[in-house]
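Novice: Attaching a single structure in structure tokens format; questions to follow.
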Amino acid sequence: MSSGLNTIAWIVWIILIPLIGAMLCFMWPRRGNLLGMISAIATVVVVVALYLQLLDQGVIRYAVGGWRAPLGIDLYADGLSVLMLLMSALVGLGVSFYARDYFKQDDENPAGFWPLWLLMWTGLNALFLAADIFNLYVTLELLGLSAVALIALAGSKDALAGAMRYLLVSLLGSLCYLLGVALLYHAHGTVDIQLLGSVVTVHPVSYAALGLMIAAMVLKSALFPLHFWLPLAHASAPTPVSALLSAVVVKASFYLLLRLWFDVFPAVTLGLGLLFGVLGAAAILWGSVQALRQTRLKLLVAYSTVAQLGYLFIPFALLSPIAWQGGVYFMLSHALAKAAMFMAAGNILKFGGHDRIADLDRVAQRLPITMTAFCLAGVSLMGLPPSGGFIAKWLLLEAALTFEQWLWAAVIIVGGLLAAGYVFKVVGYAFTQADHSHDARPVALTMEWAALGLAVGAITLGLIAPYPMALLAIGDPLAIREVSP
Amino acid sequence: MSLSMLYALAGVGLFVLGLHGLIVQTHLLRKILALNIMGSGVFMLMVALARRAPENPDPVPHAMVITGIVVAVSATALALALILRLQAMTGRAELPEQQTRP
């Protein structure tokens, strides 16, 4: 790569391009598909450019408008942020292709999708690049409000109730977080993450702020038992939105949790890790059992998200570098697999006009590409080799076994078995003939291939593990070099 | 206790009051009002704590409060629009799981 390209501040364009795209799509709704696709592809290109720049230059810090940290707004990119950006770019590209045809052949409101989705993408990208905790609050709200509006696009009673509940939960979380920001700013006079990390000490104010901010993020990441809002909101949204919410949006608050944990409160998090681990384990078991009990496909996939999010909290209890790598890898593979699975579920819903699992009626023969995508995504969720889910679970297991934490290892394995249970439940019905067959509507080929593409991505993640790991080491966001067991 | 500390504590009180209302009230409009009270509590705390020295208040929290107010207004607008749609569709401005209560 030439040095000329490397001097461009890609970090700013990553936020600007989807924002401009959103406005254009809002002004010309009839050209929404074209403008939306152009913006989506341009965003992906810019994210890749930032990735190359990061490989070339290491950690990037950019002062917007030339105003440095205490007064101005800094943008900051290290390995973890770029990994998250790449993840959302991949899922976002897949969803954009999917959405183009999804809204074309349906009566659901298409004009609102592109501006809101691009705004949400702006919020996501800004969140991953924010360097101060107040800016993170603003991006969280951007993300939350556009996500609520996207759910409501479906227009059904369930979707409106789900969106309303999500809005209440999201605002409650944001306000708790903001109160934490207010306390931290009062105590230390700064909102910059790096500066805060060096001054936060064991002190009642730190504990109060930590409690508020972590509770807010746990609520937004839907950790058991605060997952109550997730299944209905994710299942009742239009399918492209379900995929985005389950794959990327819940990970954004988890990313923020990681940032708080490692960069802001490294001194005061003692004891919380075990609690997170226990809640994560409960989420894995409870979410999987609930998924097994569902009779509707999209609700099954949504409950599976509750279960899979539990794995993300297991590293907090294991506290070893390998476990953190496993957790981050889990996040990546789950994002791709879950997006693919929701898209496959959406295809089946469009095809048959319903998503009752018992009446799937030989979908495997009639929608072979979609069913392949569903199975490949299932392989990654179960953690079978050579998928990305396998690598992630392997790392988690290795961490658990190294420190002889048998209980965590058992939970990880049982969770995989339960995942196999609910995936095969769907696959089984997909091959059998239902009592009465339905009229089928054709599903656009792009929608099938988009699902398959992301599912193949989830499998491929298992084969290219060294690259994400090398990226994760840039800037050492997870303190992998320092932590000792 | 200084006056600004009194305001800050009142802000925390508003936050808790709003949280109570958010959980206890079933009508969605009341829930949104409760969230706004919580927000006002946070803003009040921020403004009160900005007064470190008697003559020169710290401007940064004021900037944050203005941003926060913009967010609160947009969130309230979205919530009200959602409530209207929900009421038009179901006839009640309550969440389904809370409609069993009289």
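By convention here, the chains of the structure tokens are called A, B, ... in the order presented, each chain's residues are numbered starting at 1, and ligands are numbered starting at 1 in the order presented.
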Find the nearest atom pair between each residue of chain B and chain A for residues within 7 Å, count only C-alpha atoms, give distances in Å to one decimal, sort rows by chain and ascending number, and present the table as a tab-separated table.

Specialist:
residue	atom	partner	partner_atom	distance
B:Gly39	CA	A:Leu175	CA	6.4
B:Val42	CA	A:Leu179	CA	5.7
B:Met46	CA	A:Ala182	CA	5.8
B:Leu49	CA	A:His186	CA	6.4
B:Ala75	CA	A:Leu145	CA	6.8
B:Leu82	CA	A:Met164	CA	6.7
B:Leu86	CA	A:Leu160	CA	6.2
B:Met89	CA	A:Lys157	CA	6.8
B:Leu95	CA	A:Ala161	CA	6.1

Novice: Using DSSP on the backbone coordinates, identify the residues of region 21-52 of chain B assigned to helix (DSSP H, G or I); present them as an NGL selection string.

Specialist: :B and (21-24 or 28-49)

Novice: I'd like the interatomic distance between CA of Asp78 (chain A) and CA of Leu212 (chain A), to a tenth of an Å.

Specialist: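 Pair CA of Asp78 (chain A) / CA of Leu212 (chain A) returns 26.0 Å.
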
Novice: Contacts of Leu50 (chain A) at 8 Å or less, counting only C-alpha atoms, minus same-chain residues fewer than 2 places along, as a list in words?

Specialist: Trp10, Ile11, Val46, Val47, Val48, Leu52, Gln53, Leu54 and Val82 of chain A

Novice: Applying 12 Å and only C-alpha atoms, which residues near Gly58 (chain A) remain after dropping the ones on its own chain fewer than 6 positions away? List them as a list of chain:residue names.

Specialist: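 Close residues of Gly58 (chain A): A:Asn6, A:Leu50, A:Tyr51, A:Leu52, A:Tyr76, A:Ala77, A:Asp78, A:Gly79, A:Val82, A:Ala470, A:Leu471, A:Leu472, A:Ala473, A:Ile474, A:Gly475, A:Asp476.
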
Novice: Suppose we keep C-alpha atoms; can you now write the selection as a CSV table (one decimal), in the first residue's frame?

Specialist:
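Generated output (out_29.csv):
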chain,number,residue,atom,x,y,z
A,6,ASN,CA,-1.9,5.7,4.6
A,50,LEU,CA,-8.4,1.4,8.3
A,51,TYR,CA,-7.4,-2.2,8.9
A,52,LEU,CA,-4.5,-1.9,6.5
A,76,TYR,CA,-9.1,5.8,18.9
A,77,ALA,CA,-8.5,2.6,17.0
A,78,ASP,CA,-6.6,-0.5,18.3
A,79,GLY,CA,-6.9,-4.2,17.4
A,82,VAL,CA,-10.9,-2.7,14.2
A,470,ALA,CA,-2.6,-11.1,15.4
A,471,LEU,CA,-5.0,-8.2,14.9
A,472,LEU,CA,-6.3,-8.4,18.5
A,473,ALA,CA,-2.7,-8.1,19.8
A,474,ILE,CA,-2.3,-4.6,18.3
A,475,GLY,CA,-2.4,-2.1,21.1
A,476,ASP,CA,-3.0,-5.0,23.5

Novice: Using only C-alpha atoms, which protein or nucleic acid residues come within 8 Å of region 457-464 of chain A? Drop anything in the same chain fewer than 3 positions from it, and give the result as a count of residues only.

Specialist: 19

Novice: List the spatial neighbours of Lys393 (chain A) as a PyMOL selection string - criterion: any atom at most 12 Å away, only C-alpha atoms, same-chain residues fewer than 6 positions off excluded.

Specialist: chain A and resi 308+311-312+314-315+322-331+333-334+380-387+399-401+408-416+462

Novice: Next, dump the selected residues to file, keeping only N, CA, C and O atoms, as a compact mmCIF listing (two decimals), in the first residue's frame.

Specialist:
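Output (part-v9.txt):
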# COMPACT_ATOMS: atom_id res chain seq x y z
N GLN A 308 -26.06 -18.07 23.74
CA GLN A 308 -24.71 -17.87 23.22
C GLN A 308 -24.04 -16.66 23.86
O GLN A 308 -22.82 -16.63 24.03
N TYR A 311 -21.77 -17.36 26.84
CA TYR A 311 -20.36 -17.74 26.65
C TYR A 311 -19.43 -16.54 26.75
O TYR A 311 -18.29 -16.66 27.18
N LEU A 312 -19.94 -15.37 26.32
CA LEU A 312 -19.09 -14.18 26.32
C LEU A 312 -18.67 -13.80 27.73
O LEU A 312 -17.67 -13.12 27.94
N ILE A 314 -18.14 -16.04 30.25
CA ILE A 314 -17.33 -17.06 30.91
C ILE A 314 -15.88 -16.58 31.12
O ILE A 314 -15.31 -16.80 32.19
N PRO A 315 -15.26 -15.88 30.16
CA PRO A 315 -13.86 -15.44 30.37
C PRO A 315 -13.69 -14.56 31.60
O PRO A 315 -12.61 -14.56 32.20
N ILE A 322 -5.90 -16.74 27.35
CA ILE A 322 -6.48 -17.64 26.35
C ILE A 322 -8.00 -17.52 26.38
O ILE A 322 -8.67 -17.51 25.35
N ALA A 323 -8.56 -17.40 27.61
CA ALA A 323 -10.01 -17.31 27.72
C ALA A 323 -10.51 -16.03 27.05
O ALA A 323 -11.54 -16.03 26.39
N TRP A 324 -9.77 -14.91 27.22
CA TRP A 324 -10.21 -13.66 26.58
C TRP A 324 -10.18 -13.79 25.07
O TRP A 324 -11.09 -13.34 24.38
N GLN A 325 -9.10 -14.42 24.55
CA GLN A 325 -9.05 -14.64 23.10
C GLN A 325 -10.24 -15.48 22.66
O GLN A 325 -10.88 -15.19 21.65
N GLY A 326 -10.53 -16.52 23.46
CA GLY A 326 -11.67 -17.37 23.15
C GLY A 326 -12.96 -16.57 23.14
O GLY A 326 -13.79 -16.71 22.24
N GLY A 327 -13.14 -15.69 24.14
CA GLY A 327 -14.35 -14.88 24.22
C GLY A 327 -14.53 -13.99 23.01
O GLY A 327 -15.60 -13.92 22.42
N VAL A 328 -13.44 -13.32 22.62
CA VAL A 328 -13.53 -12.42 21.47
C VAL A 328 -13.79 -13.23 20.20
O VAL A 328 -14.59 -12.83 19.34
N TYR A 329 -13.15 -14.39 20.09
CA TYR A 329 -13.36 -15.22 18.92
C TYR A 329 -14.79 -15.72 18.86
O TYR A 329 -15.39 -15.82 17.79
N PHE A 330 -15.34 -16.00 20.05
CA PHE A 330 -16.72 -16.44 20.11
C PHE A 330 -17.65 -15.35 19.58
O PHE A 330 -18.60 -15.61 18.85
N MET A 331 -17.32 -14.10 19.97
CA MET A 331 -18.12 -12.96 19.53
C MET A 331 -18.14 -12.88 18.00
O MET A 331 -19.19 -12.71 17.38
N SER A 333 -17.45 -15.32 15.71
CA SER A 333 -18.09 -16.43 15.02
C SER A 333 -19.59 -16.41 15.27
O SER A 333 -20.38 -16.72 14.38
N HIS A 334 -19.99 -15.99 16.49
CA HIS A 334 -21.42 -15.92 16.75
C HIS A 334 -22.08 -14.86 15.87
O HIS A 334 -23.20 -15.05 15.39
N SER A 380 -21.38 -23.99 13.54
CA SER A 380 -20.54 -23.04 14.27
C SER A 380 -21.10 -22.80 15.68
O SER A 380 -20.35 -22.67 16.64
N LEU A 381 -22.43 -22.75 15.80
CA LEU A 381 -23.02 -22.53 17.13
C LEU A 381 -22.74 -23.71 18.05
O LEU A 381 -22.48 -23.54 19.24
N MET A 382 -22.81 -24.93 17.49
CA MET A 382 -22.53 -26.11 18.31
C MET A 382 -21.06 -26.18 18.68
O MET A 382 -20.70 -26.75 19.69
N GLY A 383 -20.21 -25.61 17.82
CA GLY A 383 -18.79 -25.67 18.08
C GLY A 383 -18.13 -26.90 17.52
O GLY A 383 -17.20 -27.45 18.12
N LEU A 384 -18.60 -27.36 16.36
CA LEU A 384 -17.95 -28.50 15.71
C LEU A 384 -16.80 -27.99 14.83
O LEU A 384 -16.91 -26.90 14.26
N PRO A 385 -15.71 -28.72 14.73
CA PRO A 385 -14.65 -28.31 13.81
C PRO A 385 -15.14 -28.41 12.38
O PRO A 385 -16.01 -29.24 12.10
N PRO A 386 -14.62 -27.62 11.43
CA PRO A 386 -13.55 -26.62 11.60
C PRO A 386 -14.08 -25.21 11.76
O PRO A 386 -13.46 -24.27 11.27
N SER A 387 -15.21 -25.00 12.41
CA SER A 387 -15.86 -23.68 12.41
C SER A 387 -15.18 -22.72 13.38
O SER A 387 -14.34 -23.12 14.19
N ALA A 399 -8.52 -22.92 28.47
CA ALA A 399 -8.30 -22.08 29.65
C ALA A 399 -8.88 -22.74 30.89
O ALA A 399 -8.27 -22.76 31.96
N ALA A 400 -10.08 -23.31 30.75
CA ALA A 400 -10.73 -23.93 31.91
C ALA A 400 -9.94 -25.14 32.39
O ALA A 400 -9.75 -25.34 33.60
N LEU A 401 -9.45 -25.94 31.45
CA LEU A 401 -8.74 -27.16 31.84
C LEU A 401 -7.36 -26.85 32.40
O LEU A 401 -6.90 -27.52 33.33
N TRP A 408 -16.59 -25.06 34.74
CA TRP A 408 -16.77 -24.23 33.55
C TRP A 408 -16.66 -25.08 32.30
O TRP A 408 -17.42 -24.90 31.35
N ALA A 409 -15.71 -26.02 32.32
CA ALA A 409 -15.55 -26.89 31.15
C ALA A 409 -16.83 -27.67 30.91
O ALA A 409 -17.30 -27.78 29.76
N ALA A 410 -17.43 -28.16 32.00
CA ALA A 410 -18.67 -28.94 31.85
C ALA A 410 -19.78 -28.07 31.25
O ALA A 410 -20.50 -28.51 30.35
N VAL A 411 -19.89 -26.82 31.74
CA VAL A 411 -20.94 -25.93 31.22
C VAL A 411 -20.75 -25.69 29.73
O VAL A 411 -21.70 -25.72 28.94
N ILE A 412 -19.49 -25.47 29.33
CA ILE A 412 -19.21 -25.19 27.91
C ILE A 412 -19.63 -26.39 27.05
O ILE A 412 -20.25 -26.24 26.00
N ILE A 413 -19.32 -27.60 27.53
CA ILE A 413 -19.64 -28.80 26.75
C ILE A 413 -21.14 -29.04 26.71
O ILE A 413 -21.72 -29.31 25.65
N VAL A 414 -21.80 -28.91 27.86
CA VAL A 414 -23.26 -29.13 27.90
C VAL A 414 -23.96 -28.10 27.01
O VAL A 414 -24.90 -28.43 26.28
N GLY A 415 -23.48 -26.85 27.04
CA GLY A 415 -24.06 -25.82 26.17
C GLY A 415 -23.97 -26.22 24.71
O GLY A 415 -24.91 -26.02 23.94
N GLY A 416 -22.84 -26.79 24.30
CA GLY A 416 -22.68 -27.25 22.93
C GLY A 416 -23.67 -28.35 22.58
O GLY A 416 -24.28 -28.35 21.50
N GLY A 462 -12.80 -20.53 11.35
CA GLY A 462 -12.05 -21.59 12.02
C GLY A 462 -10.74 -21.88 11.34
O GLY A 462 -9.83 -22.47 11.94

Novice: Calculate how many Å separate CA of Ile83 (chain B) from CA of Ala147 (chain A), rounding to one decimal.

Specialist: 16.3 Å
